[in-house]
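Below is coords-v5.cif, holding mmCIF, C-alpha atoms.
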data_my_file
#
loop_
_atom_site.group_PDB
_atom_site.id
_atom_site.type_symbol
_atom_site.label_atom_id
_atom_site.label_comp_id
_atom_site.auth_asym_id
_atom_site.auth_seq_id
_atom_site.Cartn_x
_atom_site.Cartn_y
_atom_site.Cartn_z
ATOM 1 C CA MET R 65 -15.540 25.016 -12.959
ATOM 2 C CA ASP R 66 -19.223 24.087 -12.787
ATOM 3 C CA TRP R 67 -18.892 20.600 -14.279
ATOM 4 C CA GLN R 68 -22.618 19.892 -14.055
ATOM 5 C CA SER R 69 -23.500 22.716 -16.470
ATOM 6 C CA GLU R 70 -20.245 22.811 -18.475
ATOM 7 C CA SER R 71 -20.090 19.082 -19.167
ATOM 8 C CA PRO R 72 -23.534 17.546 -18.492
ATOM 9 C CA GLU R 73 -22.762 14.275 -20.338
ATOM 10 C CA LEU R 74 -19.658 13.705 -18.194
ATOM 11 C CA TRP R 75 -21.533 14.611 -14.997
ATOM 12 C CA ALA R 76 -24.424 12.255 -15.852
ATOM 13 C CA PHE R 77 -21.990 9.408 -16.585
ATOM 14 C CA LEU R 78 -20.156 9.867 -13.289
ATOM 15 C CA GLU R 79 -23.411 10.133 -11.316
ATOM 16 C CA SER R 80 -24.581 6.830 -12.821
ATOM 17 C CA LEU R 81 -21.639 4.901 -11.321
ATOM 18 C CA HIS R 82 -21.885 2.915 -8.069
ATOM 19 C CA ARG R 83 -19.153 1.919 -5.647
ATOM 20 C CA GLY R 84 -17.879 -1.515 -6.665
ATOM 21 C CA ASP R 85 -18.679 -1.162 -10.378
ATOM 22 C CA ILE R 86 -15.949 -2.678 -12.566
ATOM 23 C CA LEU R 87 -14.760 -0.270 -15.272
ATOM 24 C CA SER R 88 -12.314 -0.959 -18.082
ATOM 25 C CA GLY R 89 -10.176 1.397 -20.083
ATOM 26 C CA THR R 90 -6.740 2.332 -21.304
ATOM 27 C CA VAL R 91 -4.000 4.045 -19.309
ATOM 28 C CA ALA R 92 -3.932 7.520 -20.883
ATOM 29 C CA ALA R 93 -1.237 9.247 -18.808
ATOM 30 C CA ILE R 94 1.031 8.536 -15.857
ATOM 31 C CA GLU R 95 1.915 11.312 -13.429
ATOM 32 C CA ARG R 96 3.910 11.271 -10.196
ATOM 33 C CA PHE R 97 0.619 11.636 -8.270
ATOM 34 C CA GLY R 98 -1.412 8.972 -10.108
ATOM 35 C CA VAL R 99 -2.658 7.420 -13.319
ATOM 36 C CA PHE R 100 -5.321 8.713 -15.731
ATOM 37 C CA VAL R 101 -7.518 6.111 -17.433
ATOM 38 C CA ALA R 102 -9.599 6.718 -20.549
ATOM 39 C CA LEU R 103 -12.705 4.661 -19.762
ATOM 40 C CA ASP R 104 -14.302 2.521 -22.476
ATOM 41 C CA ASP R 105 -17.884 3.416 -21.599
ATOM 42 C CA GLY R 106 -17.390 7.007 -20.516
ATOM 43 C CA PRO R 107 -17.163 10.304 -22.360
ATOM 44 C CA GLY R 108 -13.869 12.087 -22.750
ATOM 45 C CA HIS R 109 -12.808 14.609 -20.136
ATOM 46 C CA PRO R 110 -12.635 18.214 -21.359
ATOM 47 C CA THR R 111 -9.380 19.039 -19.522
ATOM 48 C CA LEU R 112 -7.809 15.791 -18.237
ATOM 49 C CA PRO R 113 -6.277 12.859 -20.155
ATOM 50 C CA GLY R 114 -8.957 10.502 -18.843
ATOM 51 C CA VAL R 115 -12.173 10.389 -16.827
ATOM 52 C CA GLY R 116 -10.787 7.653 -14.566
ATOM 53 C CA PHE R 117 -8.039 8.326 -12.035
ATOM 54 C CA ILE R 118 -6.040 5.937 -9.823
ATOM 55 C CA VAL R 119 -4.077 7.408 -6.903
ATOM 56 C CA ILE R 120 -0.708 5.734 -6.216
ATOM 57 C CA PRO R 121 -1.846 3.716 -3.132
ATOM 58 C CA GLU R 122 -4.669 2.167 -5.198
ATOM 59 C CA LEU R 123 -2.308 0.777 -7.861
ATOM 60 C CA SER R 124 -0.927 -2.161 -5.874
ATOM 61 C CA TRP R 125 -0.941 -3.842 -2.468
ATOM 62 C CA ARG R 126 2.844 -3.814 -2.608
ATOM 63 C CA HIS R 127 5.061 -0.782 -2.102
ATOM 64 C CA ILE R 128 6.011 0.741 -5.436
ATOM 65 C CA ASP R 129 8.598 3.387 -6.234
ATOM 66 C CA ASP R 130 6.961 4.572 -9.453
ATOM 67 C CA PRO R 131 3.548 4.039 -11.108
ATOM 68 C CA THR R 132 5.376 2.570 -14.132
ATOM 69 C CA ASP R 133 6.295 -0.368 -11.877
ATOM 70 C CA VAL R 134 2.625 -1.385 -12.262
ATOM 71 C CA VAL R 135 1.196 0.150 -15.466
ATOM 72 C CA GLN R 136 2.317 1.628 -18.773
ATOM 73 C CA VAL R 137 0.650 4.194 -21.045
ATOM 74 C CA GLY R 138 -1.573 2.345 -23.518
ATOM 75 C CA GLN R 139 -2.076 -0.652 -21.215
ATOM 76 C CA ARG R 140 -5.612 -2.029 -20.830
ATOM 77 C CA VAL R 141 -6.846 -2.124 -17.215
ATOM 78 C CA SER R 142 -9.960 -3.125 -15.298
ATOM 79 C CA CYS R 143 -10.565 -1.276 -12.046
ATOM 80 C CA GLU R 144 -13.129 -0.999 -9.284
ATOM 81 C CA PHE R 145 -15.001 2.304 -9.014
ATOM 82 C CA LEU R 146 -14.474 3.883 -5.585
ATOM 83 C CA GLN R 147 -16.116 7.293 -5.775
ATOM 84 C CA PHE R 148 -17.123 10.263 -7.896
ATOM 85 C CA ASP R 149 -14.648 13.121 -7.423
ATOM 86 C CA THR R 150 -17.002 16.079 -7.976
ATOM 87 C CA PHE R 151 -14.196 18.668 -7.798
ATOM 88 C CA ASN R 152 -12.230 17.233 -10.748
ATOM 89 C CA ALA R 153 -15.198 15.453 -12.386
ATOM 90 C CA GLU R 154 -13.422 12.108 -12.481
ATOM 91 C CA ALA R 155 -14.039 8.533 -11.417
ATOM 92 C CA ARG R 156 -11.683 7.493 -8.632
ATOM 93 C CA LEU R 157 -10.598 3.933 -9.328
ATOM 94 C CA SER R 158 -8.695 1.097 -7.660
ATOM 95 C CA LEU R 159 -6.569 -1.396 -9.542
ATOM 96 C CA LYS R 160 -5.557 -3.242 -6.357
ATOM 97 C CA ALA R 161 -9.176 -3.864 -5.306
ATOM 98 C CA LEU R 162 -9.363 -6.540 -8.016
ATOM 99 C CA GLN R 163 -6.193 -8.276 -6.779
ATOM 100 C CA PRO R 164 -5.889 -10.598 -3.757
ATOM 101 C CA ASP R 165 -4.582 -8.897 -0.629
ATOM 102 C CA PRO R 166 -1.242 -10.553 0.254
ATOM 103 C CA LEU R 167 -1.664 -9.646 3.926
ATOM 104 C CA GLN R 168 -4.824 -11.750 4.209
ATOM 105 C CA SER R 169 -3.022 -14.768 2.699
ATOM 106 C CA PHE R 170 -0.123 -14.178 5.109
ATOM 107 C CA ALA R 171 -2.539 -14.020 8.065
ATOM 108 C CA ASP R 172 -4.211 -17.256 6.964
ATOM 109 C CA ARG R 173 -0.933 -19.202 6.999
ATOM 110 C CA THR R 174 0.873 -17.504 9.912
ATOM 111 C CA VAL R 175 0.304 -17.792 13.668
ATOM 112 C CA VAL R 176 1.299 -15.520 16.529
ATOM 113 C CA GLY R 177 4.584 -16.798 17.959
ATOM 114 C CA GLN R 178 5.806 -18.111 14.612
ATOM 115 C CA GLU R 179 9.452 -17.344 13.853
ATOM 116 C CA LEU R 180 10.216 -16.016 10.351
ATOM 117 C CA ARG R 181 13.130 -14.512 8.492
ATOM 118 C CA GLY R 182 12.851 -11.159 6.792
ATOM 119 C CA THR R 183 14.895 -8.333 5.327
ATOM 120 C CA VAL R 184 15.267 -4.962 7.031
ATOM 121 C CA GLN R 185 13.525 -2.492 4.730
ATOM 122 C CA LYS R 186 13.722 0.696 6.825
ATOM 123 C CA VAL R 187 15.130 1.770 10.168
ATOM 124 C CA LEU R 188 13.137 4.641 11.681
ATOM 125 C CA PRO R 189 12.908 6.148 15.189
ATOM 126 C CA ILE R 190 9.811 4.037 15.942
ATOM 127 C CA GLY R 191 11.355 0.740 14.897
ATOM 128 C CA ILE R 192 12.482 -1.567 12.122
ATOM 129 C CA PHE R 193 10.279 -2.298 9.117
ATOM 130 C CA VAL R 194 10.925 -5.853 7.951
ATOM 131 C CA ASP R 195 9.966 -7.219 4.528
ATOM 132 C CA LEU R 196 8.528 -10.684 5.102
ATOM 133 C CA GLY R 197 8.033 -11.387 1.391
ATOM 134 C CA ASP R 198 4.975 -11.320 -0.879
ATOM 135 C CA GLY R 199 4.457 -7.605 -0.190
ATOM 136 C CA VAL R 200 3.993 -8.043 3.579
ATOM 137 C CA ILE R 201 5.877 -5.616 5.814
ATOM 138 C CA GLY R 202 5.998 -5.954 9.595
ATOM 139 C CA LEU R 203 7.184 -3.604 12.341
ATOM 140 C CA VAL R 204 9.563 -4.467 15.156
ATOM 141 C CA PRO R 205 8.930 -1.535 17.537
ATOM 142 C CA PHE R 206 12.084 -0.366 19.303
ATOM 143 C CA ARG R 207 10.409 -0.870 22.650
ATOM 144 C CA GLU R 208 10.677 -4.614 21.884
ATOM 145 C CA VAL R 209 14.258 -4.662 20.629
ATOM 146 C CA TYR R 210 16.465 -6.013 23.421
ATOM 147 C CA GLY R 211 13.585 -5.196 25.790
ATOM 148 C CA ARG R 212 14.499 -1.491 25.845
ATOM 149 C CA PRO R 213 14.468 1.537 23.543
ATOM 150 C CA ALA R 214 17.375 1.542 21.125
ATOM 151 C CA ALA R 215 19.856 4.351 21.709
ATOM 152 C CA ASN R 216 21.039 4.404 18.111
ATOM 153 C CA PRO R 217 19.096 1.937 15.962
ATOM 154 C CA ALA R 218 21.093 2.676 12.818
ATOM 155 C CA GLU R 219 24.119 1.016 14.418
ATOM 156 C CA ASP R 220 22.174 -2.135 15.329
ATOM 157 C CA PHE R 221 20.398 -2.811 12.025
ATOM 158 C CA GLU R 222 21.209 -2.167 8.387
ATOM 159 C CA VAL R 223 18.816 -1.891 5.464
ATOM 160 C CA GLY R 224 19.088 -5.104 3.446
ATOM 161 C CA GLU R 225 20.181 -7.184 6.439
ATOM 162 C CA GLU R 226 18.340 -10.494 6.903
ATOM 163 C CA ILE R 227 17.090 -11.006 10.465
ATOM 164 C CA ALA R 228 14.967 -13.461 12.453
ATOM 165 C CA VAL R 229 11.673 -12.146 13.816
ATOM 166 C CA VAL R 230 8.702 -13.508 15.733
ATOM 167 C CA VAL R 231 5.103 -12.581 14.845
ATOM 168 C CA THR R 232 3.500 -10.942 17.905
ATOM 169 C CA GLU R 233 0.264 -9.643 16.362
ATOM 170 C CA ILE R 234 -1.577 -9.556 13.036
ATOM 171 C CA GLU R 235 -4.273 -6.891 12.691
ATOM 172 C CA ARG R 236 -6.349 -7.812 9.651
ATOM 173 C CA PRO R 237 -8.661 -4.748 9.604
ATOM 174 C CA THR R 238 -5.804 -2.236 9.816
ATOM 175 C CA ARG R 239 -3.447 -4.434 7.756
ATOM 176 C CA ARG R 240 -0.627 -4.261 10.315
ATOM 177 C CA VAL R 241 1.843 -6.924 11.397
ATOM 178 C CA PHE R 242 3.812 -6.504 14.605
ATOM 179 C CA LEU R 243 7.007 -8.420 15.227
ATOM 180 C CA SER R 244 9.651 -8.890 17.880
ATOM 181 C CA ARG R 245 13.110 -10.353 17.856
ATOM 182 C CA PRO R 246 13.446 -13.980 18.981
ATOM 183 C CA GLU R 247 14.742 -14.366 22.516
ATOM 184 C CA SER R 248 18.025 -15.840 21.205
ATOM 185 C CA ALA R 249 18.621 -12.848 18.910
ATOM 186 C CA ARG R 250 17.990 -10.337 21.707
ATOM 187 C CA HIS R 251 21.128 -11.465 23.464
ATOM 188 C CA GLU R 252 23.463 -11.874 20.491
ATOM 189 C CA GLY R 253 26.706 -10.075 21.188
ATOM 190 C CA VAL R 254 25.759 -9.433 24.834
ATOM 191 C CA VAL R 255 28.217 -10.758 27.400
ATOM 192 C CA LEU R 256 26.359 -11.776 30.533
ATOM 193 C CA PRO R 257 28.138 -11.572 33.895
ATOM 194 C CA MET R 258 29.001 -14.910 35.491
#
Before anything else, please render the file you have as structure tokens.
Amino acid sequence: MDWQSESPELWAFLESLHRGDILSGTVAAIERFGVFVALDDGPGHPTLPGVGFIVIPELSWRHIDDPTDVVQVGQRVSCEFLQFDTFNAEARLSLKALQPDPLQSFADRTVVGQELRGTVQKVLPIGIFVDLGDGVIGLVPFREVYGRPAANPAEDFEVGEEIAVVVTEIERPTRRVFLSRPESARHEGVVLPM
């Protein structure tokens, strides 16, 4: 559809927006792929429930299973404008951009070498994802576990298990936290020869 000629008022509104603008509106519809927002200052959309759209990763800094974990239809929201989606003629928005990033707070109060406790969230071939609380997830790569690759990691760690970890690196720009197991935990259950 040629939005510029078919809906010139909508096109002009979207072109007038700048990255970082704060827009308010009402959640109009929730889909498995994102959330439509009817914007207060914008025109209606001819085919979509709202001119504003929030993709799932822009709803929250924390992992969510469903958009309804964060918003409900009819709820008032304020979001940051990210970009003009010219294909769908919608304003791409971020709800999380107006919330503090829990990883930055974690990085401010945590040092490399610090021992923490966390809960195993996932066990994958690359390593163990550990929930450190407040929406911060760290990775213990299997190359670090016991100092060698794990033959069958599912047998060594269970989802929901609480474990001790040591912070080995915090990458603020990429929002990644790398962990290792404390030296004492690496040898648990290992019988050393005398």
Nearest to Glu79 in chain R among R:Met65, R:Arg126, R:Gln136, R:Phe145, with distances taken over all atoms listed in the file: which residue is it?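 Once distances to Glu79 in chain R are computed over all atoms listed in the file, the minimum belongs to R:Phe145.
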Pull out every residue that the PyMOL selection byres ((chain R and resi 182) around 9) matches in the shown coordinates and put them as an MDAnalysis selection string. chainID R and resid 180:181 183:185 194:197 201 225:229
For Arg207 in chain R, which residue out of R:Lys160, R:His127, R:Arg245, R:Lys186 is the nearest one, using all atoms listed in the file?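 Nearest to Arg207 in chain R: R:Arg245.
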Please evaluate the PyMOL selection byres ((chain R and resi 156) around 9) against the displayed coordinates and give the resulting residues as an NGL selection string. :R and (115-119 or 144-149 or 154-155 or 157-158)
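For the residues R:Ser69, R:Thr238, R:Ser244, R:Thr150, ranking by smallest atom-to-atom distance to Glu179 in chain R using all atoms listed in the file places R:Ser244 first.
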Which residues would end up in the selection if the PyMOL selection byres ((chain R and resi 170) around 12) were applied here, given that I need the answer as a PyMOL selection string? chain R and resi 164-169+171-176+178+180+196-202+231+234-236+239-241
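Between Thr232 in chain R and the residues R:Gly106, R:Pro205, R:Pro131, R:Pro189, the shortest atom-to-atom distance, using only C-alpha atoms, involves R:Pro205.
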Find the nearest atom pair between each residue of range 115-140 of chain R and range 86-96 of chain R for residues within 8 Å, count all atoms listed in the file, give distances in Å to one decimal, sort rows by chain and ascending number, and present the table as a Markdown table.
| residue | atom | partner | partner_atom | distance |
| --- | --- | --- | --- | --- |
| R:Asp130 | CA | R:Arg96 | CA | 7.4 |
| R:Pro131 | CA | R:Ile94 | CA | 7.0 |
| R:Thr132 | CA | R:Ile94 | CA | 7.6 |
| R:Val135 | CA | R:Val91 | CA | 7.5 |
| R:Gln136 | CA | R:Val91 | CA | 6.8 |
| R:Val137 | CA | R:Val91 | CA | 5.0 |
| R:Gly138 | CA | R:Val91 | CA | 5.1 |
| R:Gln139 | CA | R:Val91 | CA | 5.4 |
| R:Arg140 | CA | R:Thr90 | CA | 4.5 |
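Candidate residues R:Val187, R:Asp133, R:Leu123, R:Glu247 were compared for distance to Gln163 in chain R, and the nearest is R:Leu123, using only C-alpha atoms.
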Would you kindly return, as a ChimeraX atom specification, each protein, DNA or RNA residue with an atom no farther than 12 Å from any atom of Thr111 in chain R, considering all atoms listed in the file and excluding same-chain residues fewer than 4 positions away? /R:65,67,70-71,74,100,115,152-154
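Within 6 Å of the point (11.4, -3.4, 14.5), and counting all atoms listed in the file, the protein, DNA and RNA residues are Gly191, Ile192, Phe193, Leu203, Val204, Pro205 and Phe206 of chain R.
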If you measure from CA of Pro121 in chain R to CA of Gln68 in chain R, what distance in Å do you get, rounded to one decimal? 28.5 Å
Quote the spacing between CA of His109 in chain R and CA of Trp75 in chain R in Å to one decimal place.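 The value is 10.1 Å.
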Enter the distance from CA of Ala102 in chain R to CA of Gly114 in chain R, in Å, rounded to one decimal.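 Spanning CA of Ala102 in chain R to CA of Gly114 in chain R is a straight-line distance of 4.2 Å.
Among the candidates R:Pro246, R:Ser142, R:Ala161, R:Leu112, the residue lying nearest to Ser124 in chain R is R:Ala161 (atoms considered: all atoms listed in the file).
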